[in-house]
Amino acid sequence: MNWLEKMLPKLVLAPTTVAMIVCMYGFMIWTGALSMTRSRMLPQWEFVGFDQYVRLFQNPRWEVALNNLWIFGFLFIAISLVLGLVLAILLDQKIRGEGFIRTVYLYPMAISFIVTGTAWKWIMNPGLGLEKLMRDFGFETFEFRWLVDQEMAIYTIVIAAVWQSSGFVMAMFLAGLRGVDDSLIKASQIDGASAWQAYWHVILPILRPVFFSAVMILAHIAIKSFDLVQALTAGGPGYASDLPANFMYTYAFNRAQMGVGAASAVIMLFGVLAILVPYLYSELRSQRK
Amino acid sequence: MTSRAPINWGRWFIYATLLLFLLVYLTPLYVMLTTSFKDIEEIRSGNLMALPDSPTLAAWVKAWSSACTGSECEGLAPFFWNSVNIVVPAVIISTIIGALNGYVLAKWRFRGSDLLFGALLFGCFIPFQVILLPMARLLATLGLANTVSGLVLVHVIYGLAFTTLFFRNFYVSVPDELVKAAQLDGAGFFSIFRHVFLPLSLPIFTVTLIWQFTQIWNDFLFGVVYSGSGTQPITVALNNLVNTSVGGKEYNVDMAAALIAALPTLLVYVVAGKYFIRGLTAGSVKG
Amino acid sequence: MGALNIKDVTKSFGETDVLKGINIDIADGEFLILVGPSGCGKSTLMNIIAGLEHETSGDLDLEGESLSGRSPRDRDIAMVFQSYALYPTMNVARNISFGLEMRKVAKTEREKIVKEVSELLQIDHLLDRKPSQLSGGQRQRVAMGRALARSPKVFLFDEPLSNLDAKLRVEMRTEIKKLHKRLGTTIVYVTHDQIEAMTLANRIAVMKDGIIQQLGTPDEIYNDPANQFVAGFMGSPPMNFITAPVVDGQVVVDSEGQSFALSLPCDDSIREHAGEQVILGLRPEMITERKPVTEETWIHHLPMRFEVIEPMGADTMATGAWNGCDVHARLSPRAGKAAADGVFEVQVNTALAVAFDPNNGERIR
């Protein structure tokens, strides 16, 4: 009886552990291995070293996707952070109806990226959307054709993504602000600081951990962005607004190029690790202090 | 909180800015709604912001029952039910397993259990692109390719990390002495869970259920990769519907369809929003 | 009935030895208190007795039967926790009867026991309430009720009163003492409060660093400490320790420029420390104002100048110095006022004075 009781906790965790080992770490290794093979439509275990990676990085579409990721990632994170922070600070000023406002700011996170993409696709519709609206308002020569513009398509994705996620950043900062000890503010006021200075010199530095968390989460969302692109631009026009996740899907499943697809997935993984590992490291370090 | 002096830009400026963003966030919803109630002529002649002249439900009916999603024209209805059939089991199963996992990790730790938790958490962060291909093989091997059950399995497996996290963090705050007292009272592993932990778990169950429901209902990636025609969830069907322009684009139908797809999670949000927010900030705000 | 024997119990966590060989024979019906600074291992020992942790080596016997390997539920031992550990979602009645429920006791029997126990502890009017609706003292009683309901052979109390305010603590202390008298069950009780220890215990085990420093009755612990740690730990205000040289076979203290040789009961052994230093231990109540005495043998008079005078109501604590060491005296309030200006003559009673070897803190007998 006793032995069973002792083993029970481990037995309970066993299925999840197996699932994790196989379906996360095992699969990652499998994909990594596949990326070094000749596979096209079906896995072919003929190893070709880093050939697929070479092909990948010589692929102009991948180059565009990576480029887009930088642009999108940077803008998405920066704008969401600023917007989220500003809104959080404003909401922290004892606003009437705060609960209602917060609810509205956050509802976009409850809907699918597909819905968001669909809605914004309509709003930014070249002939009938924003352009027509502005022209109807009197701006006769207003043009808004970003959706079908090779150069600007990626920025439409930024707009929709910021709309969807900035509320979340605001919620994080608001929670962080609420956690700041009031006595710090009072102390700084006694020291003669204006409200502005109090925020800039005292509160914001305390919010640093929230900044990092937010950046982490936003970066993660950016790298994984797939749904939004599919719905908003389908990677178009052409592949001008492709992101790595869309590239991977297209090549692995639509173009029967598993090897290349796997390679792109591995690169995405490394991208995430490149952000995650230093962050975790610094978290653990500061906890040990 | 009561003694913090507000920034003196003038309260009006603050309210104005907040109001502006209220409009910004609400506008897409407004546009979707108004467009869905217009007829195509109105859409072509009018603009985004105009209210419908004579609102009609025609687009909605079409979106639900006869719009084309690729080669079929059955509307979103069958796919709505697909999503339901995927979401309900996946949410329930992943939540229950997550609860038990969280219970073990919080109160029955053993050598390596923390490492396990860390590994599980780490797995949360990986881009799913690295498991898409092998998972497809696995589903094929299990005979679950392109099935609803296959999708349920996928969502359960990849939802475990989050559900475990939620429950573990919640149960950690239950005093250890409660477990000791129950042990002395003669309760075993499952008895303690049933009589002591479960009764106080309503808040976390709510958060987890809402979170999982939203995540799985809104998923597109797994849906598009692992479903076949007939077993697609509503997000995939929506995307197909919008991108299928048989005989010219019907924007009103598109919008109605998008709203239908968004309705369940929006409704849950409106009703139980604070639990959703709790779930969002549960693991992410370090404090 | 509830005789508990702890034999050579050790407990190590990896490299750290938390318990280094504990031996205690607790008689049936005895009230044993484990006392010591935090980290001394007393809570670990409790957990081992309860079966919540396993000893690394050694054995425990309850009524002659070994407990090793037995799960907590099979040990017939009940525990009252520092934080009460009441089940938050159950009402008082169920909290009390939960252990019986787990042991599949019949419902009617359970209700009977709950009634008896709750009447005994005067919480029978609270049976429907949840823990969050109870005051600290009431929760404490429910926790005790839960333990009582099981009629165990041994009660374990883990610092049960430390979360209560001072007044409530005194009340509950009396309750526990009455309960022990009434039920006669063996009790093992952990506290860091030595007043509780002195008032409640049949015997006290003073622990430090995983070792029992001394096991004895309150009187023995207080007046016959085994070493300097025990002497300094028990008693409030604490015993005075004065480093003093041994001259001509006696301990000598300097106060206000004059030297005084103090006679001690252990003078025979003191002589062996000729020319060395010893640590003289004298409790504050042994240093008072001049008072009439029946026997002069151990009485000495010294002048003292007091730096700090603290009136405490019934007495006044005064702090001065001998040999450069702080010395606390307990004076009457009137004497305390008089002692405030200039030099004051104190009366020192060394009948219960003790001495310690400065190298290892061991008692010089």
# chains A, B, ... in the order shown; residues from 1 in each chain; ligands from 1

$ residues_around --residues "region 129-132 of chain B" --least-positions-apart "3" --cutoff "10 Å" --atoms "only C-alpha atoms" --output "PyMOL selection string"
(chain A and resi 23-32+224+226+244-246+248-249+252-253+261-269) or (chain B and resi 126+135-137+221-222+225-226)

$ write_last_selection --atoms "N, CA and C atoms" --output "compact mmCIF listing (two decimals), in the first residue's frame"
# COMPACT_ATOMS: atom_id res chain seq x y z
N CYS A 23 6.27 14.65 -27.62
CA CYS A 23 5.65 15.64 -28.49
C CYS A 23 6.29 17.01 -28.47
N MET A 24 7.16 17.26 -27.51
CA MET A 24 7.87 18.53 -27.57
C MET A 24 9.32 18.29 -27.96
N TYR A 25 10.06 17.68 -27.03
CA TYR A 25 11.49 17.56 -27.27
C TYR A 25 11.81 16.54 -28.36
N GLY A 26 11.08 15.43 -28.32
CA GLY A 26 11.30 14.42 -29.36
C GLY A 26 11.01 14.97 -30.74
N PHE A 27 9.88 15.66 -30.84
CA PHE A 27 9.48 16.21 -32.15
C PHE A 27 10.47 17.26 -32.62
N MET A 28 10.97 18.06 -31.68
CA MET A 28 11.94 19.08 -32.07
C MET A 28 13.15 18.43 -32.71
N ILE A 29 13.60 17.36 -32.08
CA ILE A 29 14.76 16.66 -32.61
C ILE A 29 14.44 16.06 -33.98
N TRP A 30 13.26 15.49 -34.09
CA TRP A 30 12.83 14.89 -35.36
C TRP A 30 12.86 15.94 -36.47
N THR A 31 12.27 17.09 -36.17
CA THR A 31 12.25 18.16 -37.17
C THR A 31 13.67 18.59 -37.52
N GLY A 32 14.49 18.69 -36.48
CA GLY A 32 15.89 19.05 -36.73
C GLY A 32 16.57 18.05 -37.64
N LYS A 224 5.78 33.89 -33.74
CA LYS A 224 4.80 32.87 -34.06
C LYS A 224 3.70 33.35 -34.99
N PHE A 226 1.22 33.90 -37.53
CA PHE A 226 0.89 33.10 -38.71
C PHE A 226 -0.55 33.39 -39.11
N PRO A 244 8.15 34.26 -41.39
CA PRO A 244 8.72 32.91 -41.36
C PRO A 244 7.69 31.81 -41.13
N ALA A 245 6.72 32.05 -40.25
CA ALA A 245 5.75 30.99 -39.96
C ALA A 245 4.95 30.65 -41.22
N ASN A 246 4.60 31.68 -42.01
CA ASN A 246 3.85 31.44 -43.23
C ASN A 246 4.71 30.72 -44.26
N MET A 248 7.10 28.69 -43.62
CA MET A 248 7.26 27.30 -43.21
C MET A 248 6.03 26.50 -43.63
N TYR A 249 4.86 27.06 -43.38
CA TYR A 249 3.63 26.35 -43.72
C TYR A 249 3.55 26.10 -45.22
N ALA A 252 6.34 23.53 -46.27
CA ALA A 252 6.24 22.16 -45.72
C ALA A 252 4.97 21.47 -46.19
N PHE A 253 3.87 22.22 -46.29
CA PHE A 253 2.60 21.56 -46.55
C PHE A 253 2.04 21.82 -47.94
N GLY A 261 11.09 23.27 -45.31
CA GLY A 261 10.15 23.69 -44.27
C GLY A 261 10.69 23.41 -42.89
N ALA A 262 11.25 22.19 -42.72
CA ALA A 262 11.80 21.82 -41.41
C ALA A 262 12.94 22.77 -41.04
N ALA A 263 13.77 23.07 -42.04
CA ALA A 263 14.90 23.96 -41.76
C ALA A 263 14.40 25.32 -41.30
N SER A 264 13.37 25.83 -41.96
CA SER A 264 12.85 27.14 -41.55
C SER A 264 12.29 27.08 -40.14
N ALA A 265 11.66 25.95 -39.79
CA ALA A 265 11.12 25.80 -38.45
C ALA A 265 12.25 25.82 -37.42
N VAL A 266 13.34 25.15 -37.75
CA VAL A 266 14.48 25.11 -36.83
C VAL A 266 15.05 26.51 -36.63
N ILE A 267 15.12 27.27 -37.71
CA ILE A 267 15.62 28.64 -37.58
C ILE A 267 14.70 29.45 -36.66
N MET A 268 13.40 29.24 -36.83
CA MET A 268 12.45 29.95 -35.95
C MET A 268 12.69 29.58 -34.50
N LEU A 269 12.93 28.29 -34.28
CA LEU A 269 13.19 27.84 -32.92
C LEU A 269 14.40 28.54 -32.33
N ILE B 126 8.15 27.18 -27.28
CA ILE B 126 8.67 26.82 -28.59
C ILE B 126 7.65 27.17 -29.67
N MET B 135 4.15 15.79 -35.76
CA MET B 135 2.82 15.53 -35.23
C MET B 135 1.90 15.01 -36.32
N ALA B 136 2.06 15.56 -37.53
CA ALA B 136 1.25 15.08 -38.65
C ALA B 136 1.50 13.59 -38.88
N ARG B 137 2.78 13.20 -38.78
CA ARG B 137 3.13 11.79 -38.95
C ARG B 137 2.50 10.94 -37.86
N LEU B 221 -3.68 27.62 -36.58
CA LEU B 221 -2.53 26.85 -37.05
C LEU B 221 -2.80 25.34 -37.01
N PHE B 222 -3.13 24.84 -35.84
CA PHE B 222 -3.39 23.40 -35.74
C PHE B 222 -4.57 23.02 -36.60
N VAL B 225 -3.64 22.79 -40.32
CA VAL B 225 -2.70 21.73 -40.67
C VAL B 225 -3.31 20.35 -40.49
N TYR B 226 -4.12 20.20 -39.43
CA TYR B 226 -4.53 18.85 -39.07
C TYR B 226 -5.97 18.50 -39.39

$ interface_residues --of "chain C" --to "chain A" --cutoff "9 Å" --atoms "only C-alpha atoms" --output "list in words"
Gly69, Arg70 and Ser71 of chain C

$ interface_residues --of "chain C" --to "chain B" --cutoff "7 Å" --atoms "only C-alpha atoms" --output "list in words"
Leu52, Pro72, Arg73, Ala78, Ala85, Leu86, Tyr87, Thr89, Phe98, Gly99, Met102 and Arg103 of chain C

$ write_last_selection --atoms "N, CA and C atoms" --output "PDB file, in the first residue's frame"
ATOM      1  N   LEU C  52       5.203  12.305   9.337  1.00  0.00           N
ATOM      2  CA  LEU C  52       5.186  13.153   8.148  1.00  0.00           C
ATOM      3  C   LEU C  52       6.557  13.223   7.496  1.00  0.00           C
ATOM      4  N   PRO C  72       1.339   8.190   8.558  1.00  0.00           N
ATOM      5  CA  PRO C  72       0.744   9.017   9.616  1.00  0.00           C
ATOM      6  C   PRO C  72      -0.630   8.519  10.047  1.00  0.00           C
ATOM      7  N   ARG C  73      -1.392   8.032   9.106  1.00  0.00           N
ATOM      8  CA  ARG C  73      -2.756   7.679   9.483  1.00  0.00           C
ATOM      9  C   ARG C  73      -2.799   6.465  10.392  1.00  0.00           C
ATOM     10  N   ALA C  78      -2.356  12.479  16.948  1.00  0.00           N
ATOM     11  CA  ALA C  78      -3.019  13.656  16.391  1.00  0.00           C
ATOM     12  C   ALA C  78      -2.150  14.891  16.597  1.00  0.00           C
ATOM     13  N   ALA C  85      -4.297  24.972  10.431  1.00  0.00           N
ATOM     14  CA  ALA C  85      -4.523  24.116   9.256  1.00  0.00           C
ATOM     15  C   ALA C  85      -5.947  23.578   9.199  1.00  0.00           C
ATOM     16  N   LEU C  86      -6.922  24.441   9.406  1.00  0.00           N
ATOM     17  CA  LEU C  86      -8.316  24.011   9.288  1.00  0.00           C
ATOM     18  C   LEU C  86      -8.701  23.985   7.814  1.00  0.00           C
ATOM     19  N   TYR C  87      -9.550  23.037   7.441  1.00  0.00           N
ATOM     20  CA  TYR C  87      -9.955  22.921   6.046  1.00  0.00           C
ATOM     21  C   TYR C  87     -10.896  24.075   5.719  1.00  0.00           C
ATOM     22  N   THR C  89     -12.837  24.957   3.296  1.00  0.00           N
ATOM     23  CA  THR C  89     -14.155  24.839   2.674  1.00  0.00           C
ATOM     24  C   THR C  89     -15.120  23.996   3.491  1.00  0.00           C
ATOM     25  N   PHE C  98     -13.510  15.058  10.195  1.00  0.00           N
ATOM     26  CA  PHE C  98     -12.921  14.597   8.939  1.00  0.00           C
ATOM     27  C   PHE C  98     -12.055  13.363   9.128  1.00  0.00           C
ATOM     28  N   GLY C  99     -11.273  13.375  10.186  1.00  0.00           N
ATOM     29  CA  GLY C  99     -10.419  12.218  10.448  1.00  0.00           C
ATOM     30  C   GLY C  99     -11.244  10.956  10.667  1.00  0.00           C
ATOM     31  N   MET C 102     -12.546   9.742   7.349  1.00  0.00           N
ATOM     32  CA  MET C 102     -11.536   9.017   6.585  1.00  0.00           C
ATOM     33  C   MET C 102     -11.339   7.615   7.101  1.00  0.00           C
ATOM     34  N   ARG C 103     -11.618   7.443   8.385  1.00  0.00           N
ATOM     35  CA  ARG C 103     -11.461   6.118   8.962  1.00  0.00           C
ATOM     36  C   ARG C 103     -12.767   5.329   8.918  1.00  0.00           C
TER      37      ARG C 103
END

$ residues_around --residues "Asn5 (chain C)" --least-positions-apart "6" --cutoff "7 Å" --atoms "only C-alpha atoms" --output "mmCIF file with C-alpha atoms, in the first residue's frame"
data_model
loop_
_atom_site.group_PDB
_atom_site.id
_atom_site.type_symbol
_atom_site.label_atom_id
_atom_site.label_comp_id
_atom_site.auth_asym_id
_atom_site.auth_seq_id
_atom_site.Cartn_x
_atom_site.Cartn_y
_atom_site.Cartn_z
ATOM 1 C CA ILE C 24 13.756 10.528 24.992
ATOM 2 C CA ASP C 25 11.551 8.146 26.946
ATOM 3 C CA ILE C 26 8.195 9.788 27.370
ATOM 4 C CA LEU C 60 10.290 5.172 17.640
ATOM 5 C CA ASP C 61 8.134 3.012 19.862
ATOM 6 C CA LEU C 62 4.586 3.662 20.894
#

$ closest_residue --among "B:Tyr30, B:Phe167, B:Tyr275, B:Trp108" --to "chain A" --atoms "only C-alpha atoms"
B:Trp108

$ closest_residue --among "B:Arg111, B:Arg44, B:Lys38, B:His155" --to "chain A" --atoms "only C-alpha atoms"
B:Arg44

$ residues_around --residues "Met41 (chain A)" --least-positions-apart "4" --cutoff "12 Å" --atoms "only C-alpha atoms" --output "PyMOL selection string"
(chain A and resi 34+37+251-262) or (chain B and resi 133)

$ write_last_selection --atoms "C-alpha atoms" --output "PDB file, in the first residue's frame"
ATOM      1  CA  LEU A  34      14.482  16.112 -41.030  1.00  0.00           C
ATOM      2  CA  THR A  37      17.621  15.289 -45.136  1.00  0.00           C
ATOM      3  CA  TYR A 251       6.905  25.074 -48.054  1.00  0.00           C
ATOM      4  CA  ALA A 252       6.239  22.162 -45.718  1.00  0.00           C
ATOM      5  CA  PHE A 253       2.603  21.559 -46.552  1.00  0.00           C
ATOM      6  CA  ASN A 254       1.695  23.247 -49.793  1.00  0.00           C
ATOM      7  CA  ARG A 255       4.860  22.950 -51.759  1.00  0.00           C
ATOM      8  CA  ALA A 256       5.915  19.504 -50.616  1.00  0.00           C
ATOM      9  CA  GLN A 257       9.325  20.708 -49.513  1.00  0.00           C
ATOM     10  CA  MET A 258       9.542  19.185 -46.082  1.00  0.00           C
ATOM     11  CA  GLY A 259      13.283  19.555 -45.805  1.00  0.00           C
ATOM     12  CA  VAL A 260      13.241  23.268 -46.417  1.00  0.00           C
ATOM     13  CA  GLY A 261      10.150  23.688 -44.273  1.00  0.00           C
ATOM     14  CA  ALA A 262      11.801  21.824 -41.410  1.00  0.00           C
TER      15      ALA A 262
ATOM     16  CA  LEU B 133       5.533  17.917 -39.292  1.00  0.00           C
TER      17      LEU B 133
END

$ residues_around --residues "Leu209 (chain B)" --least-positions-apart "2" --cutoff "10 Å" --atoms "only C-alpha atoms" --output "list in words"
Val88, Val91, Ile92, Ser94, Thr95, Ile96, Thr163, Ile204, Phe205, Thr206, Val207, Trp211, Gln212, Phe213, Thr214, Gln215, Tyr275, Phe276 and Gly279 of chain B

$ residues_around --residues "Gln133 (chain C)" --least-positions-apart "4" --cutoff "12 Å" --atoms "only C-alpha atoms" --output "PDB file with N, CA and C atoms, in the first residue's frame"
ATOM      1  N   LEU C  86      -6.922  24.441   9.406  1.00  0.00           N
ATOM      2  CA  LEU C  86      -8.316  24.011   9.288  1.00  0.00           C
ATOM      3  C   LEU C  86      -8.701  23.985   7.814  1.00  0.00           C
ATOM      4  N   PRO C  88     -10.463  24.970   4.812  1.00  0.00           N
ATOM      5  CA  PRO C  88     -11.224  26.218   4.628  1.00  0.00           C
ATOM      6  C   PRO C  88     -12.614  26.043   4.057  1.00  0.00           C
ATOM      7  N   THR C  89     -12.837  24.957   3.296  1.00  0.00           N
ATOM      8  CA  THR C  89     -14.155  24.839   2.674  1.00  0.00           C
ATOM      9  C   THR C  89     -15.120  23.996   3.491  1.00  0.00           C
ATOM     10  N   MET C  90     -14.651  23.486   4.652  1.00  0.00           N
ATOM     11  CA  MET C  90     -15.544  22.671   5.489  1.00  0.00           C
ATOM     12  C   MET C  90     -15.966  23.449   6.705  1.00  0.00           C
ATOM     13  N   ASN C  91     -17.172  23.154   7.201  1.00  0.00           N
ATOM     14  CA  ASN C  91     -17.585  23.833   8.428  1.00  0.00           C
ATOM     15  C   ASN C  91     -16.902  23.183   9.635  1.00  0.00           C
ATOM     16  N   VAL C  92     -17.106  23.780  10.779  1.00  0.00           N
ATOM     17  CA  VAL C  92     -16.415  23.326  11.987  1.00  0.00           C
ATOM     18  C   VAL C  92     -16.702  21.858  12.272  1.00  0.00           C
ATOM     19  N   LEU C 126     -20.671  26.822  17.281  1.00  0.00           N
ATOM     20  CA  LEU C 126     -20.011  27.279  16.056  1.00  0.00           C
ATOM     21  C   LEU C 126     -19.986  26.219  14.968  1.00  0.00           C
ATOM     22  N   LEU C 127     -20.664  25.120  15.214  1.00  0.00           N
ATOM     23  CA  LEU C 127     -20.490  23.963  14.340  1.00  0.00           C
ATOM     24  C   LEU C 127     -20.783  24.215  12.872  1.00  0.00           C
ATOM     25  N   ASP C 128     -21.643  25.174  12.581  1.00  0.00           N
ATOM     26  CA  ASP C 128     -21.985  25.391  11.176  1.00  0.00           C
ATOM     27  C   ASP C 128     -21.093  26.411  10.480  1.00  0.00           C
ATOM     28  N   ARG C 129     -20.225  27.036  11.248  1.00  0.00           N
ATOM     29  CA  ARG C 129     -19.433  28.101  10.637  1.00  0.00           C
ATOM     30  C   ARG C 129     -18.218  27.552   9.902  1.00  0.00           C
ATOM     31  N   GLY C 137      -8.832  32.555  18.487  1.00  0.00           N
ATOM     32  CA  GLY C 137      -9.007  31.638  19.614  1.00  0.00           C
ATOM     33  C   GLY C 137      -9.971  30.502  19.281  1.00  0.00           C
ATOM     34  N   GLN C 138     -11.023  30.847  18.555  1.00  0.00           N
ATOM     35  CA  GLN C 138     -11.995  29.813  18.181  1.00  0.00           C
ATOM     36  C   GLN C 138     -11.374  28.802  17.226  1.00  0.00           C
ATOM     37  N   ARG C 139     -10.570  29.309  16.301  1.00  0.00           N
ATOM     38  CA  ARG C 139      -9.920  28.394  15.356  1.00  0.00           C
ATOM     39  C   ARG C 139      -9.012  27.435  16.096  1.00  0.00           C
TER      40      ARG C 139
END

$ select_by_dssp --residues "region 115-222 of chain C" --states "strand (DSSP E)" --output "ChimeraX atom specification"
/C:154-158,186-191,203-208,211-216

$ write_last_selection --atoms "C-alpha atoms" --output "compact mmCIF listing (two decimals), in the first residue's frame"
# COMPACT_ATOMS: atom_id res chain seq x y z
CA VAL C 154 -0.37 10.98 21.72
CA PHE C 155 -1.11 14.65 21.06
CA LEU C 156 1.44 16.73 19.20
CA PHE C 157 1.25 20.49 19.49
CA ASP C 158 3.43 22.52 17.13
CA THR C 186 0.58 11.97 26.50
CA ILE C 187 1.42 15.35 24.99
CA VAL C 188 4.51 16.39 23.07
CA TYR C 189 4.52 20.15 22.68
CA VAL C 190 6.88 22.42 20.76
CA THR C 191 7.37 26.04 21.65
CA ARG C 203 9.50 17.67 31.65
CA ILE C 204 11.32 19.92 29.25
CA ALA C 205 13.78 18.94 26.54
CA VAL C 206 15.98 21.89 25.63
CA MET C 207 17.34 21.46 22.11
CA LYS C 208 20.07 23.16 20.16
CA ILE C 211 21.02 17.71 20.18
CA ILE C 212 19.13 17.60 23.45
CA GLN C 213 21.07 19.91 25.73
CA GLN C 214 19.14 18.88 28.78
CA LEU C 215 16.08 16.82 29.62
CA GLY C 216 14.51 17.46 32.99

$ residues_around --residues "Gly118 (chain B)" --least-positions-apart "3" --cutoff "12 Å" --atoms "only C-alpha atoms" --output "list in words"
Thr17, Met20 and Leu280 of chain A; Leu105, Gly112, Ser113, Asp114, Leu115, Leu121, Phe122, Gly123, Cys124, Phe125, Ala161, Thr164, Leu165 and Arg168 of chain B
